[in-house]
Amino acid sequence: MHRFARPIARAVSTPLVPLCRVQPCRASLLGAWSTYQQHRYAGHNKWSKVKHIKGAKDAKKSKLFSKIALEITSAVRAGGTDPVINTRLASILNKAKAANMTKDSIEGAMKKAMDKNRDAMEDVLYECYGPGGIAMIIEAVTDKKSRTVKEVKEVLNRLGGSVSSVGWLFEKKGKIEFATGESGHSLEQMMDAAIDAGAEDIEEVDDLVEITCDFTELNNISKALAAQQYEVRAMEATYVPQSTMEITDPETIEAVAKCLDDMENLDDVVKIHSNAVLPEEEIDDE
């Protein structure tokens with residue numbers, strides 16, 4: 001019998017104790033039992049939330065690894081398996097390591113790319129208008145374009161938008177992220193080096209320097225930075241909007257955030273470029 005039940009049993013079985021004295025005791029003990037149960041299940045609920053959060057993070061990491069694997073496959077098929085020659089592959093491998101992708105997963109993606117019995121993977125771009133009239137360029141890597149475009153259209157039809165020409169609203173640029181590496185240089189020295197190499201725009205992101213450059217100079221600038229012993233973490237094409245659209249209406253903010261999130265969750269989609277500017281709190285929530 002539970003320790004809280006004993007006093008109640010004695011009080012009820014003793015006829016000499018007046019009812020007015022039994023009831024307060026019973027109420028007090030039942031209150032204590034209720035408090036105990038609340039603490040007990042509060043702990044259970046907390047653990048449920050922890051498991052839910054961990055599950056969500058694991059799912060997000062798994063999705064990221066799948067997208068990096070697609071990029072590795074595409075880069076290998078386009079330029080071979082040697083990262084010294086294939087600078088695009090070298091950049092994606094750095095990205096994979098930064099995301100703590102396992103060596104087995106990386107090697108698996110490279111073997112998949114070299115398997116001639118598998119369907120060919122293609123890089124595809126979709127230009128779209130989304131909710132509120134935002135413009136998007138969606139990059140995907142797929143072995144079946146009809147499937148991918150169907151999934152993209154389903155998101156647009158559900159949330160408001162269409163596949164339409166928006167490329168003229170963007171400018172194709174090169175983007176490089178690099179760290180100090182073995183150079184031992186300060187952020188200021190890194191920025192000076194980026195300017196000398198040909199950077200058009202520079203931004204400090206944590207302990208990294210992110211630069212935007214002419215797309216045709218992407219490889220040359222990356223090699224120039226690597227020659228100075230900087231660690232190039234990422235090197236890729238990007239689509240920079242010529243003008244941005246700030247979203248302020250609450251319903252439109254929700255629809256745009258949902259659209260971008262659903263697009264990102266499509267298995268074949270690897271990158272999304274948009275001219276939408278969402279409030280800071282909405283970006284933090286994502």
# chains A, B, ... in the order shown; residues from 1 in each chain; ligands from 1
>>> select_by_dssp(residues="segment 13-257 of chain A", states="strand (DSSP E)", output="PyMOL selection string")
chain A and resi 122-129+135-142+162-163+170-179+201-205+208-214+231-241+245-246
>>> write_last_selection(atoms="C-alpha atoms", output="short mmCIF file (atom, residue, chain, number, x, y, z; two decimals), in the first residue's frame")
data_model
loop_
_atom_site.label_atom_id
_atom_site.label_comp_id
_atom_site.auth_asym_id
_atom_site.auth_seq_id
_atom_site.Cartn_x
_atom_site.Cartn_y
_atom_site.Cartn_z
CA GLU A 122 20.54 16.42 -63.33
CA ASP A 123 20.85 19.94 -61.95
CA VAL A 124 17.61 21.84 -62.56
CA LEU A 125 16.37 25.37 -61.82
CA TYR A 126 12.77 26.41 -61.28
CA GLU A 127 11.74 30.06 -61.39
CA CYS A 128 8.59 30.82 -59.43
CA TYR A 129 6.34 33.43 -57.93
CA ALA A 135 10.14 35.69 -56.45
CA MET A 136 12.08 32.45 -55.98
CA ILE A 137 14.74 30.51 -57.83
CA ILE A 138 14.80 26.89 -56.68
CA GLU A 139 17.81 24.64 -57.29
CA ALA A 140 17.29 20.90 -57.35
CA VAL A 141 19.24 17.75 -58.17
CA THR A 142 17.03 14.98 -59.52
CA SER A 162 3.12 29.61 -59.97
CA VAL A 163 6.12 28.54 -62.02
CA PHE A 170 18.13 38.15 -59.84
CA GLU A 171 21.81 38.38 -60.72
CA LYS A 172 23.96 35.26 -60.74
CA LYS A 173 27.00 35.72 -58.50
CA GLY A 174 29.69 33.66 -56.83
CA LYS A 175 29.72 33.19 -53.06
CA ILE A 176 32.69 32.09 -50.97
CA GLU A 177 32.95 31.49 -47.22
CA PHE A 178 36.42 31.12 -45.76
CA ALA A 179 38.08 30.84 -42.37
CA ASP A 201 30.80 42.47 -51.23
CA ILE A 202 32.07 41.29 -47.85
CA GLU A 203 30.24 40.19 -44.71
CA GLU A 204 31.50 38.89 -41.39
CA VAL A 205 29.60 35.77 -40.25
CA LEU A 208 34.06 33.43 -41.12
CA VAL A 209 34.25 35.93 -43.94
CA GLU A 210 31.59 35.61 -46.62
CA ILE A 211 32.20 37.31 -49.95
CA THR A 212 30.16 37.83 -53.10
CA CYS A 213 31.98 38.09 -56.40
CA ASP A 214 31.53 37.94 -60.15
CA GLU A 231 40.38 27.51 -45.41
CA VAL A 232 37.64 27.80 -48.04
CA ARG A 233 34.52 26.41 -46.33
CA ALA A 234 32.03 26.98 -49.13
CA MET A 235 32.15 28.03 -52.77
CA GLU A 236 29.00 28.15 -54.84
CA ALA A 237 26.82 30.02 -57.28
CA THR A 238 24.15 32.21 -55.75
CA TYR A 239 21.30 34.31 -57.10
CA VAL A 240 21.20 37.79 -55.58
CA PRO A 241 17.89 39.69 -55.90
CA MET A 245 10.41 42.63 -50.91
CA GLU A 246 9.77 43.24 -47.22
#
>>> closest_residue(among="A:Leu218, A:Ala96, A:Leu89, A:Ile134", to="Val277 of chain A", atoms="only C-alpha atoms")
A:Ile134
>>> residues_around(residues="Thr73 of chain A", least_positions_apart="2", cutoff="6 Å", atoms="only C-alpha atoms", output="list in words")
Leu70, Glu71, Ala75, Val76, Ala109, Met110 and Ala113 of chain A
>>> write_last_selection(atoms="all heavy atoms", output="PDB file, in the first residue's frame")
ATOM      1  N   LEU A  70      23.206  14.759 -52.341  1.00  0.00           N
ATOM      2  CA  LEU A  70      22.781  15.074 -53.707  1.00  0.00           C
ATOM      3  C   LEU A  70      23.781  16.007 -54.382  1.00  0.00           C
ATOM      4  O   LEU A  70      24.126  15.826 -55.560  1.00  0.00           O
ATOM      5  CB  LEU A  70      21.399  15.737 -53.684  1.00  0.00           C
ATOM      6  CG  LEU A  70      20.172  14.834 -53.564  1.00  0.00           C
ATOM      7  CD1 LEU A  70      18.914  15.697 -53.489  1.00  0.00           C
ATOM      8  CD2 LEU A  70      20.079  13.853 -54.718  1.00  0.00           C
ATOM      9  N   GLU A  71      24.258  17.007 -53.626  1.00  0.00           N
ATOM     10  CA  GLU A  71      25.221  17.959 -54.189  1.00  0.00           C
ATOM     11  C   GLU A  71      26.544  17.269 -54.516  1.00  0.00           C
ATOM     12  O   GLU A  71      27.181  17.576 -55.532  1.00  0.00           O
ATOM     13  CB  GLU A  71      25.449  19.109 -53.201  1.00  0.00           C
ATOM     14  CG  GLU A  71      24.252  20.026 -53.027  1.00  0.00           C
ATOM     15  CD  GLU A  71      24.583  21.250 -52.199  1.00  0.00           C
ATOM     16  OE1 GLU A  71      25.184  22.181 -52.735  1.00  0.00           O
ATOM     17  OE2 GLU A  71      24.243  21.248 -50.993  1.00  0.00           O
ATOM     18  N   ALA A  75      28.176  17.045 -58.201  1.00  0.00           N
ATOM     19  CA  ALA A  75      29.519  17.582 -58.440  1.00  0.00           C
ATOM     20  C   ALA A  75      30.453  16.530 -59.011  1.00  0.00           C
ATOM     21  O   ALA A  75      31.250  16.814 -59.924  1.00  0.00           O
ATOM     22  CB  ALA A  75      30.089  18.130 -57.134  1.00  0.00           C
ATOM     23  N   VAL A  76      30.367  15.301 -58.503  1.00  0.00           N
ATOM     24  CA  VAL A  76      31.229  14.221 -58.996  1.00  0.00           C
ATOM     25  C   VAL A  76      30.912  13.903 -60.451  1.00  0.00           C
ATOM     26  O   VAL A  76      31.809  13.729 -61.285  1.00  0.00           O
ATOM     27  CB  VAL A  76      31.079  12.961 -58.120  1.00  0.00           C
ATOM     28  CG1 VAL A  76      31.745  11.756 -58.780  1.00  0.00           C
ATOM     29  CG2 VAL A  76      31.702  13.201 -56.747  1.00  0.00           C
ATOM     30  N   ALA A 109      27.951   8.647 -51.094  1.00  0.00           N
ATOM     31  CA  ALA A 109      27.430   9.579 -52.109  1.00  0.00           C
ATOM     32  C   ALA A 109      28.336   9.600 -53.333  1.00  0.00           C
ATOM     33  O   ALA A 109      27.859   9.665 -54.477  1.00  0.00           O
ATOM     34  CB  ALA A 109      27.316  10.978 -51.510  1.00  0.00           C
ATOM     35  N   MET A 110      29.653   9.516 -53.112  1.00  0.00           N
ATOM     36  CA  MET A 110      30.596   9.530 -54.240  1.00  0.00           C
ATOM     37  C   MET A 110      30.499   8.233 -55.047  1.00  0.00           C
ATOM     38  O   MET A 110      30.553   8.246 -56.282  1.00  0.00           O
ATOM     39  CB  MET A 110      32.021   9.752 -53.724  1.00  0.00           C
ATOM     40  CG  MET A 110      32.200  11.124 -53.081  1.00  0.00           C
ATOM     41  SD  MET A 110      33.885  11.481 -52.535  1.00  0.00           S
ATOM     42  CE  MET A 110      34.713  11.766 -54.073  1.00  0.00           C
ATOM     43  N   ALA A 113      27.500   8.342 -57.225  1.00  0.00           N
ATOM     44  CA  ALA A 113      27.705   9.179 -58.410  1.00  0.00           C
ATOM     45  C   ALA A 113      28.440   8.434 -59.509  1.00  0.00           C
ATOM     46  O   ALA A 113      28.215   8.680 -60.702  1.00  0.00           O
ATOM     47  CB  ALA A 113      28.484  10.431 -58.015  1.00  0.00           C
TER      48      ALA A 113
END
>>> residues_around(residues="Thr87 of chain A", least_positions_apart="4", cutoff="8 Å", atoms="only C-alpha atoms", output="ChimeraX atom specification")
/A:83,91,219
>>> atom_distance(atom1="atom CA of Cys259 of chain A", atom2="atom CA of Ser274 of chain A")
11.1 Å
>>> select_by_dssp(residues="segment 71-189 of chain A", states="alpha helix (DSSP H)", output="PyMOL selection string")
chain A and resi 71-79+87-98+103-114+145-159+187-189
>>> atom_distance(atom1="atom CA of Val256 of chain A", atom2="atom CA of Val152 of chain A")
14.4 Å
>>> closest_residue(among="A:Ala90, A:Tyr230, A:Ala199, A:Lys97", to="Ser183 of chain A", atoms="only C-alpha atoms")
A:Tyr230
>>> closest_residue(among="A:Leu278, A:Lys150, A:Met101, A:Ala257", to="Leu64 of chain A", atoms="only C-alpha atoms")
A:Met101
>>> residues_around(residues="Arg77 of chain A", least_positions_apart="3", cutoff="9 Å", atoms="only C-alpha atoms", output="CSV table (one decimal) with all heavy atoms, in the first residue's frame")
chain,number,residue,atom,x,y,z
A,72,ILE,N,27.0,16.3,-53.6
A,72,ILE,CA,28.2,15.6,-53.9
A,72,ILE,C,28.0,14.8,-55.2
A,72,ILE,O,28.9,14.8,-56.1
A,72,ILE,CB,28.5,14.7,-52.7
A,72,ILE,CG1,29.0,15.5,-51.5
A,72,ILE,CG2,29.7,13.7,-53.1
A,72,ILE,CD1,29.2,14.7,-50.2
A,73,THR,N,26.9,14.1,-55.3
A,73,THR,CA,26.6,13.3,-56.5
A,73,THR,C,26.7,14.1,-57.8
A,73,THR,O,27.3,13.7,-58.8
A,73,THR,CB,25.3,12.6,-56.4
A,73,THR,OG1,25.3,11.8,-55.2
A,73,THR,CG2,25.0,11.7,-57.6
A,74,SER,N,26.0,15.2,-57.7
A,74,SER,CA,26.0,16.1,-58.9
A,74,SER,C,27.4,16.7,-59.2
A,74,SER,O,27.8,16.7,-60.4
A,74,SER,CB,25.1,17.3,-58.6
A,74,SER,OG,25.1,18.3,-59.6
A,80,GLY,N,34.2,14.9,-61.8
A,80,GLY,CA,35.1,13.9,-61.3
A,80,GLY,C,35.3,13.9,-59.8
A,80,GLY,O,34.8,14.7,-59.1
A,81,THR,N,36.1,12.9,-59.3
A,81,THR,CA,36.2,12.6,-57.9
A,81,THR,C,37.4,13.3,-57.2
A,81,THR,O,37.6,13.2,-56.0
A,81,THR,CB,36.3,11.1,-57.6
A,81,THR,OG1,37.4,10.6,-58.3
A,81,THR,CG2,35.0,10.4,-58.1
A,110,MET,N,29.7,9.5,-53.1
A,110,MET,CA,30.6,9.5,-54.2
A,110,MET,C,30.5,8.2,-55.0
A,110,MET,O,30.6,8.2,-56.3
A,110,MET,CB,32.0,9.8,-53.7
A,110,MET,CG,32.2,11.1,-53.1
A,110,MET,SD,33.9,11.5,-52.5
A,110,MET,CE,34.7,11.8,-54.1
A,113,ALA,N,27.5,8.3,-57.2
A,113,ALA,CA,27.7,9.2,-58.4
A,113,ALA,C,28.4,8.4,-59.5
A,113,ALA,O,28.2,8.7,-60.7
A,113,ALA,CB,28.5,10.4,-58.0
A,114,MET,N,29.3,7.5,-59.1
A,114,MET,CA,30.1,6.8,-60.1
A,114,MET,C,29.4,5.5,-60.6
A,114,MET,O,30.0,4.9,-61.5
A,114,MET,CB,31.5,6.4,-59.5
A,114,MET,CG,32.4,7.7,-59.2
A,114,MET,SD,34.0,7.2,-58.6
A,114,MET,CE,33.6,6.7,-56.9
A,120,ALA,N,20.8,8.9,-64.4
A,120,ALA,CA,21.6,10.1,-64.4
A,120,ALA,C,21.0,11.2,-63.5
A,120,ALA,O,19.7,11.4,-63.5
A,120,ALA,CB,21.8,10.6,-65.8
A,121,MET,N,21.8,11.9,-62.7
A,121,MET,CA,21.3,13.0,-61.9
A,121,MET,C,21.5,14.3,-62.7
A,121,MET,O,22.5,14.5,-63.3
A,121,MET,CB,22.0,13.1,-60.6
A,121,MET,CG,22.0,11.8,-59.7
A,121,MET,SD,20.4,11.4,-59.1
A,121,MET,CE,20.2,12.6,-57.8
